[in-house]
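Below: model.cif (mmCIF, C-alpha atoms)
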data_start
loop_
_atom_site.group_PDB
_atom_site.id
_atom_site.type_symbol
_atom_site.label_atom_id
_atom_site.label_comp_id
_atom_site.auth_asym_id
_atom_site.auth_seq_id
_atom_site.Cartn_x
_atom_site.Cartn_y
_atom_site.Cartn_z
ATOM 1 C CA SER A 22 9.158 -4.774 -11.083
ATOM 2 C CA ASP A 23 11.947 -3.816 -13.512
ATOM 3 C CA ASP A 24 11.209 -0.101 -13.127
ATOM 4 C CA GLU A 25 13.901 2.011 -11.469
ATOM 5 C CA ASP A 26 11.358 3.180 -8.870
ATOM 6 C CA PHE A 27 10.432 -0.374 -7.774
ATOM 7 C CA PRO A 28 11.656 -0.705 -4.158
ATOM 8 C CA PRO A 29 14.953 -2.619 -3.933
ATOM 9 C CA GLY A 30 14.503 -5.994 -2.271
ATOM 10 C CA LEU A 31 10.792 -6.243 -3.009
ATOM 11 C CA SER A 32 11.365 -8.233 -6.201
ATOM 12 C CA GLU A 33 13.309 -10.818 -4.150
ATOM 13 C CA ILE A 34 10.444 -11.827 -1.841
ATOM 14 C CA TYR A 35 8.204 -14.830 -2.357
ATOM 15 C CA ASP A 36 5.297 -13.841 -4.635
ATOM 16 C CA PRO A 37 6.392 -10.248 -5.247
ATOM 17 C CA PRO A 38 3.795 -7.871 -6.668
ATOM 18 C CA ASP A 39 4.019 -7.184 -10.394
ATOM 19 C CA LEU A 40 3.668 -3.482 -9.691
ATOM 20 C CA ILE A 41 2.988 -1.041 -6.909
ATOM 21 C CA TYR A 42 0.848 2.042 -6.793
ATOM 22 C CA PHE A 43 2.492 5.030 -5.206
ATOM 23 C CA ILE A 44 1.811 8.568 -4.038
ATOM 24 C CA GLY A 45 4.389 10.869 -2.451
ATOM 25 C CA ASP A 46 8.175 11.267 -2.468
ATOM 26 C CA ARG A 47 9.659 8.738 -4.919
ATOM 27 C CA ALA A 48 13.171 9.188 -3.488
ATOM 28 C CA LEU A 49 12.074 7.334 -0.325
ATOM 29 C CA LEU A 50 11.700 4.105 -2.295
ATOM 30 C CA LYS A 51 15.478 3.883 -2.814
ATOM 31 C CA LYS A 52 16.488 4.574 0.798
ATOM 32 C CA SER A 53 17.097 2.011 3.549
ATOM 33 C CA LYS A 54 13.919 1.295 5.471
ATOM 34 C CA LEU A 55 12.967 0.074 8.947
ATOM 35 C CA ALA A 56 9.481 -1.357 9.375
ATOM 36 C CA VAL A 57 7.771 -0.757 12.708
ATOM 37 C CA VAL A 58 4.764 -2.866 13.662
ATOM 38 C CA GLY A 59 2.789 -3.371 16.843
ATOM 39 C CA SER A 60 -0.520 -3.357 18.603
ATOM 40 C CA ARG A 61 -3.415 -1.135 17.608
ATOM 41 C CA ARG A 62 -3.763 -0.603 21.365
ATOM 42 C CA GLY A 63 -0.220 0.707 21.791
ATOM 43 C CA SER A 64 0.441 1.965 25.308
ATOM 44 C CA ALA A 65 2.411 4.817 26.825
ATOM 45 C CA TYR A 66 5.287 2.336 27.176
ATOM 46 C CA GLY A 67 5.206 1.641 23.429
ATOM 47 C CA GLN A 68 5.209 5.372 22.707
ATOM 48 C CA ALA A 69 8.156 5.890 25.068
ATOM 49 C CA ALA A 70 10.080 3.070 23.361
ATOM 50 C CA LEU A 71 9.477 4.597 19.936
ATOM 51 C CA ASN A 72 10.451 8.075 21.182
ATOM 52 C CA ARG A 73 13.695 6.591 22.466
ATOM 53 C CA LEU A 74 14.633 4.367 19.506
ATOM 54 C CA LEU A 75 13.318 5.945 16.306
ATOM 55 C CA PRO A 76 14.882 9.433 16.349
ATOM 56 C CA ASP A 77 18.378 7.879 16.137
ATOM 57 C CA CYS A 78 17.184 5.622 13.316
ATOM 58 C CA CYS A 79 15.784 8.657 11.496
ATOM 59 C CA ARG A 80 19.030 10.609 11.981
ATOM 60 C CA ALA A 81 20.889 7.631 10.523
ATOM 61 C CA GLY A 82 18.794 8.052 7.367
ATOM 62 C CA LEU A 83 16.356 5.166 7.770
ATOM 63 C CA VAL A 84 12.867 5.613 6.355
ATOM 64 C CA ILE A 85 10.189 4.403 8.785
ATOM 65 C CA VAL A 86 7.651 2.026 7.208
ATOM 66 C CA SER A 87 4.368 0.970 8.789
ATOM 67 C CA GLY A 88 0.737 0.211 8.047
ATOM 68 C CA MET A 89 -0.942 3.486 9.094
ATOM 69 C CA ALA A 90 -3.158 1.676 11.648
ATOM 70 C CA PHE A 91 -4.006 3.161 15.015
ATOM 71 C CA GLY A 92 -1.617 2.446 17.886
ATOM 72 C CA ILE A 93 2.043 1.616 17.274
ATOM 73 C CA ASP A 94 1.853 2.165 13.480
ATOM 74 C CA SER A 95 0.545 5.716 13.910
ATOM 75 C CA MET A 96 3.005 6.431 16.709
ATOM 76 C CA ALA A 97 5.930 5.342 14.495
ATOM 77 C CA HIS A 98 4.776 7.479 11.549
ATOM 78 C CA ARG A 99 4.366 10.491 13.880
ATOM 79 C CA VAL A 100 7.868 10.101 15.350
ATOM 80 C CA ALA A 101 9.303 10.032 11.810
ATOM 81 C CA LEU A 102 7.300 13.109 10.798
ATOM 82 C CA ARG A 103 8.416 14.987 13.942
ATOM 83 C CA ALA A 104 12.010 14.091 13.108
ATOM 84 C CA ASN A 105 11.543 15.431 9.555
ATOM 85 C CA ALA A 106 12.470 11.963 8.344
ATOM 86 C CA GLY A 107 11.003 9.832 5.607
ATOM 87 C CA THR A 108 8.034 7.616 6.319
ATOM 88 C CA ILE A 109 6.096 5.243 4.080
ATOM 89 C CA GLY A 110 2.621 3.920 4.799
ATOM 90 C CA VAL A 111 1.640 0.632 3.178
ATOM 91 C CA ASN A 112 -2.093 0.518 2.483
ATOM 92 C CA ALA A 113 -4.265 -2.607 2.675
ATOM 93 C CA GLY A 114 -6.418 -1.432 -0.227
ATOM 94 C CA GLY A 115 -6.166 0.775 -3.271
ATOM 95 C CA LEU A 116 -4.902 4.335 -2.998
ATOM 96 C CA LEU A 117 -8.434 5.676 -3.424
ATOM 97 C CA HIS A 118 -9.327 3.994 -0.107
ATOM 98 C CA LEU A 119 -6.595 4.961 2.357
ATOM 99 C CA ASN A 120 -7.086 3.073 5.581
ATOM 100 C CA PRO A 121 -8.141 3.495 8.310
ATOM 101 C CA PRO A 122 -10.519 6.356 7.406
ATOM 102 C CA GLY A 123 -10.460 7.570 11.017
ATOM 103 C CA ASN A 124 -6.741 8.262 10.621
ATOM 104 C CA SER A 125 -7.147 10.572 7.624
ATOM 105 C CA ALA A 126 -5.338 13.598 9.140
ATOM 106 C CA LEU A 127 -2.186 11.542 9.799
ATOM 107 C CA ILE A 128 -2.439 9.800 6.436
ATOM 108 C CA ARG A 129 -2.646 13.199 4.697
ATOM 109 C CA ARG A 130 0.596 14.235 6.441
ATOM 110 C CA ILE A 131 2.260 10.956 5.404
ATOM 111 C CA VAL A 132 1.254 11.588 1.768
ATOM 112 C CA GLU A 133 2.438 15.234 1.914
ATOM 113 C CA ARG A 134 5.785 14.584 3.613
ATOM 114 C CA GLY A 135 6.424 10.913 2.923
ATOM 115 C CA ALA A 136 4.705 8.331 0.771
ATOM 116 C CA VAL A 137 1.957 5.717 0.643
ATOM 117 C CA ILE A 138 2.196 2.570 -1.460
ATOM 118 C CA SER A 139 -0.093 -0.320 -2.299
ATOM 119 C CA GLU A 140 -0.019 -3.315 -4.596
ATOM 120 C CA PHE A 141 -3.801 -3.210 -4.989
ATOM 121 C CA PRO A 142 -5.603 -1.425 -7.842
ATOM 122 C CA LEU A 143 -6.804 2.070 -6.968
ATOM 123 C CA ASP A 144 -10.433 1.183 -6.242
ATOM 124 C CA VAL A 145 -9.891 -1.916 -4.044
ATOM 125 C CA THR A 146 -11.569 -1.487 -0.658
ATOM 126 C CA PRO A 147 -9.530 -2.709 2.349
ATOM 127 C CA ARG A 148 -10.904 -6.004 3.690
ATOM 128 C CA PRO A 149 -9.628 -8.204 6.539
ATOM 129 C CA PHE A 150 -7.957 -10.810 4.315
ATOM 130 C CA LEU A 151 -5.910 -8.113 2.537
ATOM 131 C CA PHE A 152 -4.031 -7.068 5.691
ATOM 132 C CA PRO A 153 -1.729 -10.142 5.873
ATOM 133 C CA VAL A 154 -1.135 -9.748 2.116
ATOM 134 C CA ARG A 155 -0.187 -6.097 2.748
ATOM 135 C CA ASN A 156 2.117 -7.108 5.617
ATOM 136 C CA ARG A 157 4.485 -8.950 3.261
ATOM 137 C CA ILE A 158 5.041 -5.613 1.487
ATOM 138 C CA ILE A 159 5.791 -3.839 4.800
ATOM 139 C CA SER A 160 8.540 -6.351 5.557
ATOM 140 C CA GLY A 161 9.550 -6.854 1.917
ATOM 141 C CA ILE A 162 10.557 -3.242 1.291
ATOM 142 C CA SER A 163 12.374 -2.997 4.638
ATOM 143 C CA ARG A 164 15.811 -4.126 5.790
ATOM 144 C CA ALA A 165 14.486 -4.993 9.243
ATOM 145 C CA VAL A 166 11.218 -5.178 11.176
ATOM 146 C CA LEU A 167 10.914 -3.779 14.698
ATOM 147 C CA VAL A 168 8.053 -5.265 16.744
ATOM 148 C CA VAL A 169 6.808 -2.986 19.518
ATOM 149 C CA GLU A 170 4.019 -4.377 21.717
ATOM 150 C CA ALA A 171 2.261 -7.336 20.139
ATOM 151 C CA ALA A 172 -0.239 -9.850 21.427
ATOM 152 C CA MET A 173 0.477 -13.536 20.788
ATOM 153 C CA ARG A 174 -2.075 -13.680 17.967
ATOM 154 C CA SER A 175 -1.551 -10.514 15.964
ATOM 155 C CA GLY A 176 -0.816 -9.077 12.561
ATOM 156 C CA SER A 177 2.509 -7.896 13.969
ATOM 157 C CA LEU A 178 3.665 -11.479 14.424
ATOM 158 C CA ILE A 179 2.462 -12.339 10.916
ATOM 159 C CA THR A 180 4.710 -9.529 9.662
ATOM 160 C CA ALA A 181 7.605 -10.776 11.805
ATOM 161 C CA ARG A 182 7.226 -14.319 10.399
ATOM 162 C CA LEU A 183 7.089 -12.943 6.854
ATOM 163 C CA ALA A 184 10.227 -10.908 7.546
ATOM 164 C CA LEU A 185 12.075 -14.024 8.697
ATOM 165 C CA ASP A 186 10.911 -15.879 5.577
ATOM 166 C CA GLN A 187 12.219 -12.933 3.517
ATOM 167 C CA ASP A 188 15.604 -13.113 5.278
ATOM 168 C CA ARG A 189 15.086 -9.741 7.001
ATOM 169 C CA GLU A 190 16.231 -8.879 10.513
ATOM 170 C CA VAL A 191 13.516 -9.028 13.175
ATOM 171 C CA LEU A 192 13.936 -6.866 16.265
ATOM 172 C CA ALA A 193 11.669 -6.696 19.312
ATOM 173 C CA VAL A 194 11.261 -4.211 22.132
ATOM 174 C CA PRO A 195 11.050 -6.149 25.394
ATOM 175 C CA GLY A 196 8.163 -5.311 27.659
ATOM 176 C CA ASN A 197 6.621 -6.029 31.011
ATOM 177 C CA ILE A 198 6.262 -9.807 31.337
ATOM 178 C CA ASP A 199 2.810 -9.352 32.868
ATOM 179 C CA SER A 200 1.453 -7.328 29.947
ATOM 180 C CA SER A 201 -0.611 -9.056 27.251
ATOM 181 C CA LEU A 202 0.957 -6.579 24.805
ATOM 182 C CA SER A 203 4.392 -8.043 25.590
ATOM 183 C CA GLN A 204 3.545 -11.683 24.933
ATOM 184 C CA GLY A 205 4.276 -11.405 21.223
ATOM 185 C CA THR A 206 7.593 -9.647 21.670
#
Will you turn the file into structure tokens for me?
Amino acid sequence: SDDEDFPPGLSEIYDPPDLIYFIGDRALLKKSKLAVVGSRRGSAYGQAALNRLLPDCCRAGLVIVSGMAFGIDSMAHRVALRANAGTIGVNAGGLLHLNPPGNSALIRRIVERGAVISEFPLDVTPRPFLFPVRNRIISGISRAVLVVEAAMRSGSLITARLALDQDREVLAVPGNIDSSLSQGT
């Protein structure tokens, strides 16, 4: 964690990793980052919100951080890539097991034009209990966390709670009060 490439702020969180594994553009680690989290069932509304909010963030120089999952995570990474901005995926396993496998085309683009990081050794397979552990890295390397569409019981709210514990800003996109995907926000 004393290395010049170690993401600023990450060493200040509770139980910081001793090291991170990394592939991609090292310069992104030093830039200001906005984490974007949300439902794996992100809707057209979530996509519209990201299309409206993230391009300005990208133009302002923020790197978009997310977990590479389907739904809101993937949408956020794609908006950043379309804007020719930096994006970092945080993996819930080792870098030899980028997750989810069904998202490999997007993950390849993130590696080529952005970066992927993990605190887990290269050969660790993603397992359910590693996702909340991974989420503290998503919020820990970021200045703020934007929650877009989240159910009441979701990994997105775990990340939001971790961000608050890490003294990060937490932002939420309001949604339709009748939508289950708006209950968390």
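Distance-wise, atom CA of A:Val145 and atom CA of A:His118 end up 7.1 Å apart.
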If you take every atom of stretch 155-171 of chain A that the file lists and fit an axis-aligned box around them with 4 Å extra on each side, what centre and edge lengths come out in Å to one decimal, as lines of an AutoDock Vina configuration file?
center_x = 7.8
center_y = -6.0
center_z = 11.5
size_x = 24.0
size_y = 14.0
size_z = 28.4
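Nearest residue to A:Ser64 among A:Gly92, A:Gly110, A:Pro122, A:Pro37 is A:Gly92, counting all atoms listed in the file.
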Residues within 12 Å of (-4.0, 8.5, 8.8), file coords, all atoms listed in the file, listed as a PyMOL selection string
chain A and resi 87-92+94-99+109-112+118-133+136-137
Could you write out as JSON, numbers by chain the residues that the PyMOL selection byres ((chain A and resi 106) around 9) matches in the shown file?
{"A": [76, 79, 80, 82, 83, 84, 85, 100, 101, 102, 103, 104, 105, 107, 108, 134, 135]}
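Each of A:Gly115, A:Arg189, A:Glu25, A:Arg182 was compared to A:Asp144 using only C-alpha atoms, and A:Gly115 turns out to be the nearest.
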Name the residues captured by the PyMOL selection byres ((chain A and resi 166-178) around 8) when it is applied to the shown file; answer as a ChimeraX atom specification.
/A:55-60,63,67,70,93,152-153,156,160,163-165,179-182,184,189-196,201-206
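Among the candidates A:Ile159, A:Ile198, A:Ile138, A:Ala113, the residue lying nearest to A:Ile41 is A:Ile138 (atoms considered: only C-alpha atoms).
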Have a look at atom CA of A:Gly114 and atom CA of A:Phe141 and let me know their distance in Å, one decimal.
5.7 Å
What separates atom CA of A:Gly30 and atom CA of A:Phe43 is a distance of 16.6 Å
If the PyMOL selection byres ((chain A and resi 34) around 12) is run on the structure shown, which residues does it catch, given as a list in words?
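Evaluating the PyMOL selection byres ((chain A and resi 34) around 12) on these coordinates yields Ser22, Pro28, Pro29, Gly30, Leu31, Ser32, Glu33, Tyr35, Asp36, Pro37, Pro38, Asp39, Arg157, Ile158, Ile159, Ser160, Gly161, Ile162, Ser163, Leu183, Ala184, Leu185, Asp186, Gln187, Asp188 and Arg189 of chain A.
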